[in-house]
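Trainee: Once you've had a glance at the structure underneath, I'll fire off some questions.
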Amino acid sequence: MPRSNGLFLVFIVYALQFFIFPSPGSAGHLEPFKHTPVPPGNPQTQEKIELGKMLFFDRRLSGDGTMSCATCHIPDMGFSDGEAISLNYPTTKNWRNSPTLINVAFSKFLFHDGRVETLEDQALFPMMSSFEMNQNLDFLEEEIRSVPEYLVLFKKVFGSDDITREKMAMAIAAFERTLVSLNAPLDKYLNGNLEVLSSEAKKGYEIFVGKGKCTDCHYGVTLIDDKFHALNVPENPDFQADPRVAATRRFVAKLNHYEDFRNLQEDPGRYLITKDKKDWRAFKTPTLRDIAKTGPYMHNGIFDSLDETIEFFNLGGGPGNTVLKPLHLDDAEKQALKIFLVEALNGDDIVMPTPKIP
Ligand code: HEC
Ligand code: HEC
């Protein structure tokens, strides 16, 4: 095929995608909660969700039996862990902030660098990670198989008591898809109940969609764009000198075939996955739903408060970034923006006592 025809075809496909695969919302448009997307290969059933929940809270999933998924994704803390840098396997140190799992079903990319695209694929990573659960999956399969209650449950859910890592991951993913933020004032507001927000929060809403330009990136149902941006968030000074964090950074970089991993001083973000210069220190746009419950903020937890985070955006992001411009918000505007984030985006608390683990 001549080159120009090839290009034309690329153009047609590019143009068509907007008709065939409508995006979850276009820039500037916030959307009320509707329903949770579920992949056809892993339909939700009540029993599968219950099994996934048990596994999520089961400390057998970690090598030394001290940690479950819920250790770093704590229900009472919006399914994050309240630490700047997340918890870790003994003697090691993590290097990134634990993200909320609320509304995670809506995300097209998982992890701060988007290296995984489905919850089914994601679930095995923390189990295997040397600095998280540090478990051997062949061993884990045998361990779970030795628990009679699990044999019964796997049989009920999957029609066979052959316990595999893939089935564990499917059950955990089904459970995670139930973690949704419901009844936030923003949903009621977008559905026409204009009285539900205080006048401060309404002012903040106007800044969020207007002068603040927040909806350039935070839009749709979960206030994300499924994209990565290099805002040049600084390295977190509290951890920059920690040799264990540096070891984790070098280790992850090496696993991702980053050649000069020994001399790496910063988190390369999305670049680790794509090796594309424009992705250097780019991170995924995170959801802002339930944001008041999930601090500290950013991929490395550098900001303890929403005030600091808002000031970061107000100043036009980190040094040298080409994505953000200063906003020149005055104190009252910054305050209103914060009140919008705290008041409007807070869904019902998810109250989840630890289930009984067999
Ligand atoms: C030791 C703490 C820790 C444990 C244990 C842990 N996680 Fe995480 N989780 C994290 C951190 C930190 C990240 C972000 C890592 C990154 O971006 O590189 C993360 C990211 C995720 C994400 C991606 C969320 C998003 O929005 O991108 C999901 C989903 C998730 N974890 C689920 C789980 C499941 C399921 C388990 C148990 C099998 C688990 N986690 C165990 C700390 C932990
Ligand atoms: C160019 C895209 C873009 C724009 C515009 C933008 N953000 Fe973000 N936002 C991001 C990205 C990317 C991150 C994650 C950065 C990181 O982890 O290092 C983020 C992180 C955040 C966080 C922290 C979330 C968390 O859980 O850690 C908050 C709060 C936030 N943004 C609020 C805002 C507000 C308010 C505005 C408008 C004033 C705004 N953002 C404008 C892309 C954007």
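A note on labels: chains of the structure tokens are A, B, ... as shown, every chain counts residues from 1, and ligands are counted from 1 in their shown order.
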Please identify the residues whose atoms come within 7 Å of ligand 2, using only C-alpha atoms and all ligand atoms, and report them as a PyMOL selection string.

Mentor: chain A and resi 99+112+208+212-218+228-231+233+282-288+291+294-301+306+309-310+313-314+323-324+337

Trainee: Would you output that residue set with N, CA and C atoms, as an mmCIF file, in the first residue's frame?

Mentor:
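Generated output (part.cif):
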data_model
loop_
_atom_site.group_PDB
_atom_site.id
_atom_site.type_symbol
_atom_site.label_atom_id
_atom_site.label_comp_id
_atom_site.auth_asym_id
_atom_site.auth_seq_id
_atom_site.Cartn_x
_atom_site.Cartn_y
_atom_site.Cartn_z
ATOM 1 N N PRO A 99 -2.930 4.213 46.338
ATOM 2 C CA PRO A 99 -4.109 4.923 45.815
ATOM 3 C C PRO A 99 -5.400 4.335 46.366
ATOM 4 N N HIS A 112 0.152 4.120 39.328
ATOM 5 C CA HIS A 112 0.431 5.528 39.019
ATOM 6 C C HIS A 112 1.040 5.671 37.624
ATOM 7 N N PHE A 208 -13.650 25.115 39.728
ATOM 8 C CA PHE A 208 -13.179 23.800 39.267
ATOM 9 C C PHE A 208 -13.403 23.641 37.759
ATOM 10 N N GLY A 212 -10.084 27.529 37.265
ATOM 11 C CA GLY A 212 -9.087 26.567 37.757
ATOM 12 C C GLY A 212 -8.656 25.554 36.709
ATOM 13 N N LYS A 213 -9.463 25.421 35.644
ATOM 14 C CA LYS A 213 -9.167 24.489 34.544
ATOM 15 C C LYS A 213 -8.997 23.045 35.007
ATOM 16 N N CYS A 214 -9.551 22.712 36.172
ATOM 17 C CA CYS A 214 -9.372 21.356 36.708
ATOM 18 C C CYS A 214 -10.000 20.318 35.774
ATOM 19 N N THR A 215 -11.113 20.685 35.133
ATOM 20 C CA THR A 215 -11.796 19.721 34.263
ATOM 21 C C THR A 215 -11.064 19.511 32.928
ATOM 22 N N ASP A 216 -9.933 20.184 32.711
ATOM 23 C CA ASP A 216 -9.101 19.788 31.565
ATOM 24 C C ASP A 216 -8.673 18.326 31.730
ATOM 25 N N CYS A 217 -8.487 17.906 32.966
ATOM 26 C CA CYS A 217 -7.991 16.553 33.227
ATOM 27 C C CYS A 217 -8.905 15.736 34.145
ATOM 28 N N HIS A 218 -9.581 16.389 35.066
ATOM 29 C CA HIS A 218 -10.445 15.674 36.016
ATOM 30 C C HIS A 218 -11.903 15.806 35.569
ATOM 31 N N PHE A 228 -1.846 10.545 31.304
ATOM 32 C CA PHE A 228 -0.676 10.737 32.169
ATOM 33 C C PHE A 228 -0.113 12.131 31.898
ATOM 34 N N HIS A 229 0.259 12.835 32.962
ATOM 35 C CA HIS A 229 0.762 14.196 32.788
ATOM 36 C C HIS A 229 2.004 14.421 33.627
ATOM 37 N N ALA A 230 2.979 15.094 33.024
ATOM 38 C CA ALA A 230 4.210 15.424 33.758
ATOM 39 C C ALA A 230 4.032 16.801 34.401
ATOM 40 N N LEU A 231 3.474 16.785 35.623
ATOM 41 C CA LEU A 231 3.254 18.056 36.332
ATOM 42 C C LEU A 231 4.517 18.468 37.091
ATOM 43 N N VAL A 233 5.784 17.127 39.793
ATOM 44 C CA VAL A 233 5.661 17.032 41.254
ATOM 45 C C VAL A 233 7.064 16.705 41.786
ATOM 46 N N ALA A 282 5.743 11.506 34.170
ATOM 47 C CA ALA A 282 4.289 11.679 34.010
ATOM 48 C C ALA A 282 3.578 10.623 34.849
ATOM 49 N N PHE A 283 2.505 11.025 35.498
ATOM 50 C CA PHE A 283 1.722 10.106 36.322
ATOM 51 C C PHE A 283 0.263 10.184 35.938
ATOM 52 N N LYS A 284 -0.451 9.118 36.290
ATOM 53 C CA LYS A 284 -1.866 9.006 35.951
ATOM 54 C C LYS A 284 -2.678 10.057 36.696
ATOM 55 N N THR A 285 -3.648 10.632 35.999
ATOM 56 C CA THR A 285 -4.592 11.525 36.678
ATOM 57 C C THR A 285 -5.429 10.689 37.642
ATOM 58 N N PRO A 286 -5.360 10.977 38.937
ATOM 59 C CA PRO A 286 -6.113 10.163 39.904
ATOM 60 C C PRO A 286 -7.549 10.659 40.074
ATOM 61 N N THR A 287 -8.408 9.758 40.545
ATOM 62 C CA THR A 287 -9.783 10.169 40.839
ATOM 63 C C THR A 287 -9.775 11.193 41.963
ATOM 64 N N LEU A 288 -10.759 12.075 41.955
ATOM 65 C CA LEU A 288 -10.893 13.025 43.073
ATOM 66 C C LEU A 288 -12.116 12.690 43.936
ATOM 67 N N ILE A 291 -11.957 12.463 47.937
ATOM 68 C CA ILE A 291 -10.580 12.942 48.079
ATOM 69 C C ILE A 291 -10.253 13.325 49.523
ATOM 70 N N THR A 294 -8.523 10.422 51.451
ATOM 71 C CA THR A 294 -7.426 9.621 50.892
ATOM 72 C C THR A 294 -6.054 10.298 50.860
ATOM 73 N N GLY A 295 -5.840 11.329 51.699
ATOM 74 C CA GLY A 295 -4.520 11.953 51.761
ATOM 75 C C GLY A 295 -3.517 11.018 52.401
ATOM 76 N N PRO A 296 -2.231 11.333 52.386
ATOM 77 C CA PRO A 296 -1.558 12.391 51.627
ATOM 78 C C PRO A 296 -1.694 12.206 50.108
ATOM 79 N N TYR A 297 -1.359 13.283 49.388
ATOM 80 C CA TYR A 297 -1.678 13.341 47.966
ATOM 81 C C TYR A 297 -0.461 13.258 47.048
ATOM 82 N N MET A 298 -0.726 12.884 45.845
ATOM 83 C CA MET A 298 0.223 12.691 44.732
ATOM 84 C C MET A 298 0.894 11.317 44.830
ATOM 85 N N HIS A 299 1.554 10.891 43.749
ATOM 86 C CA HIS A 299 2.095 9.526 43.657
ATOM 87 C C HIS A 299 3.092 9.227 44.767
ATOM 88 N N ASN A 300 3.702 10.297 45.336
ATOM 89 C CA ASN A 300 4.688 10.081 46.401
ATOM 90 C C ASN A 300 4.252 10.709 47.713
ATOM 91 N N GLY A 301 2.966 11.057 47.804
ATOM 92 C CA GLY A 301 2.425 11.586 49.056
ATOM 93 C C GLY A 301 3.098 12.850 49.538
ATOM 94 N N LEU A 306 -5.074 19.142 51.303
ATOM 95 C CA LEU A 306 -5.628 19.638 50.040
ATOM 96 C C LEU A 306 -5.184 21.074 49.797
ATOM 97 N N THR A 309 -2.008 20.958 48.030
ATOM 98 C CA THR A 309 -2.197 20.443 46.668
ATOM 99 C C THR A 309 -2.783 21.531 45.773
ATOM 100 N N ILE A 310 -3.760 22.255 46.307
ATOM 101 C CA ILE A 310 -4.380 23.334 45.528
ATOM 102 C C ILE A 310 -3.347 24.418 45.232
ATOM 103 N N PHE A 313 -1.214 23.534 42.262
ATOM 104 C CA PHE A 313 -1.862 23.839 40.975
ATOM 105 C C PHE A 313 -1.944 25.346 40.750
ATOM 106 N N ASN A 314 -2.210 26.089 41.841
ATOM 107 C CA ASN A 314 -2.321 27.542 41.717
ATOM 108 C C ASN A 314 -1.018 28.159 41.202
ATOM 109 N N VAL A 323 2.871 21.770 31.317
ATOM 110 C CA VAL A 323 1.469 21.353 31.253
ATOM 111 C C VAL A 323 0.545 22.376 31.903
ATOM 112 N N LEU A 324 0.971 22.883 33.060
ATOM 113 C CA LEU A 324 0.105 23.767 33.846
ATOM 114 C C LEU A 324 0.608 25.212 33.786
ATOM 115 N N LEU A 337 -12.563 26.366 46.428
ATOM 116 C CA LEU A 337 -12.205 25.171 45.661
ATOM 117 C C LEU A 337 -12.044 23.984 46.615
#

Trainee: What are the closest atom pairs, with distances in Å to one decimal, for all residues of chain A lying within 8 Å of ligand 1? Consider only C-alpha atoms and all ligand atoms, order rows by chain and residue number, and present the result as a tab-separated table.

Mentor:
residue	atom	partner	partner_atom_place_in_ligand_line	distance
A:Leu55	CA	ligand 1	38 (C)	7.8
A:Phe56	CA	ligand 1	37 (C)	5.7
A:Leu61	CA	ligand 1	38 (C)	6.8
A:Ser62	CA	ligand 1	5 (C)	7.6
A:Met67	CA	ligand 1	5 (C)	5.8
A:Ser68	CA	ligand 1	5 (C)	5.5
A:Cys69	CA	ligand 1	37 (C)	3.5
A:Ala70	CA	ligand 1	5 (C)	6.8
A:Thr71	CA	ligand 1	5 (C)	5.7
A:Cys72	CA	ligand 1	2 (C)	4.3
A:His73	CA	ligand 1	7 (N)	6.4
A:Ser80	CA	ligand 1	42 (C)	7.9
A:Ile85	CA	ligand 1	12 (C)	7.0
A:Ser86	CA	ligand 1	12 (C)	5.0
A:Leu87	CA	ligand 1	1 (C)	4.5
A:Asn88	CA	ligand 1	1 (C)	4.2
A:Tyr89	CA	ligand 1	1 (C)	6.3
A:Asn94	CA	ligand 1	12 (C)	6.5
A:Trp95	CA	ligand 1	12 (C)	7.0
A:Arg96	CA	ligand 1	12 (C)	4.8
A:Asn97	CA	ligand 1	12 (C)	4.8
A:Ser98	CA	ligand 1	12 (C)	3.9
A:Pro99	CA	ligand 1	24 (C)	5.4
A:Thr100	CA	ligand 1	26 (O)	6.3
A:Leu101	CA	ligand 1	24 (C)	5.8
A:Val104	CA	ligand 1	26 (O)	5.5
A:Ser107	CA	ligand 1	26 (O)	6.7
A:Phe109	CA	ligand 1	27 (O)	6.5
A:Leu110	CA	ligand 1	27 (O)	3.5
A:Phe111	CA	ligand 1	27 (O)	3.4
A:His112	CA	ligand 1	17 (O)	3.7
A:Asp113	CA	ligand 1	17 (O)	5.8
A:Gly114	CA	ligand 1	27 (O)	6.7
A:Leu119	CA	ligand 1	29 (C)	5.8
A:Gln122	CA	ligand 1	29 (C)	6.1
A:Ala123	CA	ligand 1	35 (C)	4.4
A:Leu124	CA	ligand 1	38 (C)	6.1
A:Phe125	CA	ligand 1	38 (C)	7.3
A:Pro126	CA	ligand 1	41 (C)	5.0
A:Met127	CA	ligand 1	38 (C)	5.4
A:Phe131	CA	ligand 1	1 (C)	7.0
A:Glu132	CA	ligand 1	1 (C)	4.1
A:Met133	CA	ligand 1	5 (C)	5.5
A:Ala169	CA	ligand 1	35 (C)	7.7
A:Ile172	CA	ligand 1	35 (C)	6.1
A:Ala173	CA	ligand 1	35 (C)	7.1
A:Glu176	CA	ligand 1	35 (C)	7.5
A:Lys284	CA	ligand 1	27 (O)	7.9
A:Pro286	CA	ligand 1	26 (O)	6.8
A:Thr287	CA	ligand 1	26 (O)	7.8
A:His299	CA	ligand 1	17 (O)	7.1

Trainee: Keeping only C-alpha atoms, write those residues as an mmCIF file, in the first residue's frame.

Mentor:
data_model
loop_
_atom_site.group_PDB
_atom_site.id
_atom_site.type_symbol
_atom_site.label_atom_id
_atom_site.label_comp_id
_atom_site.auth_asym_id
_atom_site.auth_seq_id
_atom_site.Cartn_x
_atom_site.Cartn_y
_atom_site.Cartn_z
ATOM 1 C CA LEU A 55 -9.074 -13.094 49.846
ATOM 2 C CA PHE A 56 -8.689 -9.310 49.989
ATOM 3 C CA LEU A 61 -1.579 -13.627 50.554
ATOM 4 C CA SER A 62 1.701 -12.254 51.946
ATOM 5 C CA MET A 67 -0.243 -8.375 55.308
ATOM 6 C CA SER A 68 -3.463 -8.537 53.357
ATOM 7 C CA CYS A 69 -4.562 -6.193 50.580
ATOM 8 C CA ALA A 70 -6.552 -4.363 53.263
ATOM 9 C CA THR A 71 -3.330 -3.535 55.146
ATOM 10 C CA CYS A 72 -2.551 -0.884 52.530
ATOM 11 C CA HIS A 73 -6.094 -0.345 51.226
ATOM 12 C CA SER A 80 -5.795 3.879 50.869
ATOM 13 C CA ILE A 85 4.613 6.363 51.000
ATOM 14 C CA SER A 86 2.678 3.128 51.413
ATOM 15 C CA LEU A 87 3.549 0.334 53.838
ATOM 16 C CA ASN A 88 5.985 -2.407 52.874
ATOM 17 C CA TYR A 89 7.256 -5.904 53.415
ATOM 18 C CA ASN A 94 7.780 1.143 49.286
ATOM 19 C CA TRP A 95 8.292 4.105 46.966
ATOM 20 C CA ARG A 96 4.784 5.246 46.065
ATOM 21 C CA ASN A 97 1.550 6.315 47.703
ATOM 22 C CA SER A 98 -1.250 3.776 48.071
ATOM 23 C CA PRO A 99 -4.109 4.923 45.815
ATOM 24 C CA THR A 100 -7.763 4.621 46.791
ATOM 25 C CA LEU A 101 -9.632 1.637 45.360
ATOM 26 C CA VAL A 104 -11.192 1.766 40.602
ATOM 27 C CA SER A 107 -9.984 3.226 35.463
ATOM 28 C CA PHE A 109 -5.048 2.198 33.484
ATOM 29 C CA LEU A 110 -3.924 0.933 36.868
ATOM 30 C CA PHE A 111 -0.962 1.991 39.033
ATOM 31 C CA HIS A 112 0.431 5.528 39.019
ATOM 32 C CA ASP A 113 2.303 4.685 35.821
ATOM 33 C CA GLY A 114 -0.583 2.770 34.232
ATOM 34 C CA LEU A 119 -8.067 -5.511 37.823
ATOM 35 C CA GLN A 122 -3.325 -6.119 38.652
ATOM 36 C CA ALA A 123 -4.191 -8.293 41.666
ATOM 37 C CA LEU A 124 -1.209 -10.636 41.356
ATOM 38 C CA PHE A 125 1.382 -7.832 41.265
ATOM 39 C CA PRO A 126 1.300 -6.792 44.942
ATOM 40 C CA MET A 127 1.331 -10.463 45.994
ATOM 41 C CA PHE A 131 8.642 -4.897 48.742
ATOM 42 C CA GLU A 132 4.876 -5.475 49.197
ATOM 43 C CA MET A 133 3.491 -8.955 49.946
ATOM 44 C CA ALA A 169 -7.489 -12.605 40.875
ATOM 45 C CA ILE A 172 -10.617 -10.128 44.042
ATOM 46 C CA ALA A 173 -11.379 -8.034 40.942
ATOM 47 C CA GLU A 176 -13.046 -4.413 43.932
ATOM 48 C CA LYS A 284 -1.866 9.006 35.951
ATOM 49 C CA PRO A 286 -6.113 10.163 39.904
ATOM 50 C CA THR A 287 -9.783 10.169 40.839
ATOM 51 C CA HIS A 299 2.095 9.526 43.657
#

Trainee: Smallest atom-to-atom distance to Leu272 (chain A): which of A:Arg115, A:Asn136, A:Thr36, A:Ser199, using only C-alpha atoms?

Mentor: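 Among the listed residues, the smallest separation from Leu272 (chain A) belongs to A:Arg115.
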
Trainee: Give the answer as one residue: which of A:Gly318, A:Gly347, A:Pro32, A:Gly52 has the shortest atom-to-atom distance to Arg177 (chain A), using only C-alpha atoms?

Mentor: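 Ranked by minimum distance to Arg177 (chain A), first place goes to A:Gly52.
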
Trainee: I'd like the interatomic distance between CA of Phe261 (chain A) and CA of Lys278 (chain A), to a tenth of an Å.

Mentor: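 Separating CA of Phe261 (chain A) from CA of Lys278 (chain A) is a distance of 18.8 Å.
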
Trainee: Please compute the CA of Leu315 (chain A)-CA of Leu327 (chain A) distance, one decimal, in Å.

Mentor: 6.6 Å

Trainee: Hey, what does DSSP flag as alpha helix (DSSP H) within region 192-311 of chain A? Can you give it to me as an MDAnalysis selection string?

Mentor: chainID A and resid 199:209 237:240 243:255 271:274 306:311

Trainee: Would you write out those residues with N, CA and C atoms, as an mmCIF file, in the first residue's frame?

Mentor:
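The resulting file, again_4.cif, is shown below:
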data_model
loop_
_atom_site.group_PDB
_atom_site.id
_atom_site.type_symbol
_atom_site.label_atom_id
_atom_site.label_comp_id
_atom_site.auth_asym_id
_atom_site.auth_seq_id
_atom_site.Cartn_x
_atom_site.Cartn_y
_atom_site.Cartn_z
ATOM 1 N N SER A 199 -23.224 27.556 49.341
ATOM 2 C CA SER A 199 -22.860 28.585 48.359
ATOM 3 C C SER A 199 -21.331 28.605 48.154
ATOM 4 N N GLU A 200 -20.563 28.312 49.215
ATOM 5 C CA GLU A 200 -19.104 28.191 49.072
ATOM 6 C C GLU A 200 -18.740 27.100 48.066
ATOM 7 N N ALA A 201 -19.373 25.915 48.243
ATOM 8 C CA ALA A 201 -19.063 24.779 47.374
ATOM 9 C C ALA A 201 -19.454 25.079 45.925
ATOM 10 N N LYS A 202 -20.566 25.810 45.751
ATOM 11 C CA LYS A 202 -20.979 26.180 44.385
ATOM 12 C C LYS A 202 -19.952 27.093 43.741
ATOM 13 N N LYS A 203 -19.424 28.019 44.554
ATOM 14 C CA LYS A 203 -18.370 28.907 44.068
ATOM 15 C C LYS A 203 -17.137 28.063 43.665
ATOM 16 N N GLY A 204 -16.832 27.083 44.512
ATOM 17 C CA GLY A 204 -15.698 26.186 44.232
ATOM 18 C C GLY A 204 -15.925 25.381 42.963
ATOM 19 N N TYR A 205 -17.174 24.940 42.764
ATOM 20 C CA TYR A 205 -17.523 24.204 41.542
ATOM 21 C C TYR A 205 -17.242 25.063 40.308
ATOM 22 N N GLU A 206 -17.657 26.311 40.385
ATOM 23 C CA GLU A 206 -17.443 27.220 39.242
ATOM 24 C C GLU A 206 -15.955 27.387 38.941
ATOM 25 N N ILE A 207 -15.142 27.447 40.000
ATOM 26 C CA ILE A 207 -13.686 27.558 39.787
ATOM 27 C C ILE A 207 -13.147 26.253 39.200
ATOM 28 N N PHE A 208 -13.650 25.115 39.728
ATOM 29 C CA PHE A 208 -13.179 23.800 39.267
ATOM 30 C C PHE A 208 -13.403 23.641 37.759
ATOM 31 N N VAL A 209 -14.581 24.031 37.287
ATOM 32 C CA VAL A 209 -14.886 23.848 35.855
ATOM 33 C C VAL A 209 -14.480 25.070 35.024
ATOM 34 N N PRO A 237 10.919 15.018 49.768
ATOM 35 C CA PRO A 237 12.196 15.158 50.477
ATOM 36 C C PRO A 237 12.298 14.235 51.698
ATOM 37 N N ASP A 238 11.151 13.843 52.269
ATOM 38 C CA ASP A 238 11.185 12.971 53.455
ATOM 39 C C ASP A 238 11.771 11.590 53.136
ATOM 40 N N PHE A 239 11.747 11.213 51.862
ATOM 41 C CA PHE A 239 12.175 9.851 51.508
ATOM 42 C C PHE A 239 13.358 9.825 50.546
ATOM 43 N N GLN A 240 13.720 11.010 50.048
ATOM 44 C CA GLN A 240 14.739 11.068 49.005
ATOM 45 C C GLN A 240 16.071 10.474 49.478
ATOM 46 N N PRO A 243 17.874 5.038 51.809
ATOM 47 C CA PRO A 243 18.506 4.076 50.890
ATOM 48 C C PRO A 243 17.574 2.928 50.500
ATOM 49 N N ARG A 244 16.576 2.633 51.360
ATOM 50 C CA ARG A 244 15.654 1.540 51.016
ATOM 51 C C ARG A 244 14.717 1.959 49.883
ATOM 52 N N VAL A 245 14.308 3.243 49.896
ATOM 53 C CA VAL A 245 13.476 3.745 48.793
ATOM 54 C C VAL A 245 14.296 3.719 47.502
ATOM 55 N N ALA A 246 15.561 4.114 47.612
ATOM 56 C CA ALA A 246 16.427 4.119 46.425
ATOM 57 C C ALA A 246 16.582 2.694 45.881
ATOM 58 N N ALA A 247 16.704 1.726 46.790
ATOM 59 C CA ALA A 247 16.841 0.326 46.353
ATOM 60 C C ALA A 247 15.578 -0.108 45.607
ATOM 61 N N THR A 248 14.410 0.252 46.143
ATOM 62 C CA THR A 248 13.153 -0.096 45.481
ATOM 63 C C THR A 248 13.077 0.558 44.103
ATOM 64 N N ARG A 249 13.470 1.813 44.040
ATOM 65 C CA ARG A 249 13.428 2.551 42.765
ATOM 66 C C ARG A 249 14.319 1.864 41.725
ATOM 67 N N ARG A 250 15.520 1.526 42.137
ATOM 68 C CA ARG A 250 16.447 0.874 41.191
ATOM 69 C C ARG A 250 15.909 -0.489 40.746
ATOM 70 N N PHE A 251 15.329 -1.218 41.714
ATOM 71 C CA PHE A 251 14.788 -2.546 41.442
ATOM 72 C C PHE A 251 13.643 -2.473 40.415
ATOM 73 N N VAL A 252 12.700 -1.568 40.652
ATOM 74 C CA VAL A 252 11.563 -1.453 39.720
ATOM 75 C C VAL A 252 12.055 -1.000 38.351
ATOM 76 N N ALA A 253 13.012 -0.068 38.336
ATOM 77 C CA ALA A 253 13.538 0.431 37.061
ATOM 78 C C ALA A 253 14.228 -0.705 36.302
ATOM 79 N N LYS A 254 14.988 -1.522 37.027
ATOM 80 C CA LYS A 254 15.673 -2.633 36.380
ATOM 81 C C LYS A 254 14.662 -3.615 35.787
ATOM 82 N N LEU A 255 13.629 -3.945 36.572
ATOM 83 C CA LEU A 255 12.584 -4.856 36.077
ATOM 84 C C LEU A 255 11.946 -4.323 34.801
ATOM 85 N N TYR A 271 7.265 6.965 31.973
ATOM 86 C CA TYR A 271 8.416 6.716 31.101
ATOM 87 C C TYR A 271 8.930 5.284 31.247
ATOM 88 N N LEU A 272 8.877 4.758 32.472
ATOM 89 C CA LEU A 272 9.356 3.398 32.720
ATOM 90 C C LEU A 272 8.647 2.392 31.823
ATOM 91 N N ILE A 273 7.400 2.681 31.484
ATOM 92 C CA ILE A 273 6.595 1.751 30.708
ATOM 93 C C ILE A 273 6.744 2.012 29.215
ATOM 94 N N THR A 274 6.710 3.281 28.813
ATOM 95 C CA THR A 274 6.683 3.606 27.380
ATOM 96 C C THR A 274 8.065 3.930 26.813
ATOM 97 N N LEU A 306 -5.074 19.142 51.303
ATOM 98 C CA LEU A 306 -5.628 19.638 50.040
ATOM 99 C C LEU A 306 -5.184 21.074 49.797
ATOM 100 N N ASP A 307 -4.985 21.845 50.886
ATOM 101 C CA ASP A 307 -4.514 23.231 50.712
ATOM 102 C C ASP A 307 -3.185 23.254 49.952
ATOM 103 N N GLU A 308 -2.254 22.394 50.385
ATOM 104 C CA GLU A 308 -0.949 22.350 49.707
ATOM 105 C C GLU A 308 -1.108 21.919 48.252
ATOM 106 N N THR A 309 -2.008 20.958 48.030
ATOM 107 C CA THR A 309 -2.197 20.443 46.668
ATOM 108 C C THR A 309 -2.783 21.531 45.773
ATOM 109 N N ILE A 310 -3.760 22.255 46.307
ATOM 110 C CA ILE A 310 -4.380 23.334 45.528
ATOM 111 C C ILE A 310 -3.347 24.418 45.232
ATOM 112 N N GLU A 311 -2.499 24.719 46.225
ATOM 113 C CA GLU A 311 -1.460 25.738 46.017
ATOM 114 C C GLU A 311 -0.488 25.309 44.898
#

Trainee: How many Å lie between CA of Val342 (chain A) and CA of Asp290 (chain A), rounded to one decimal?

Mentor: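 It comes out at 7.6 Å.
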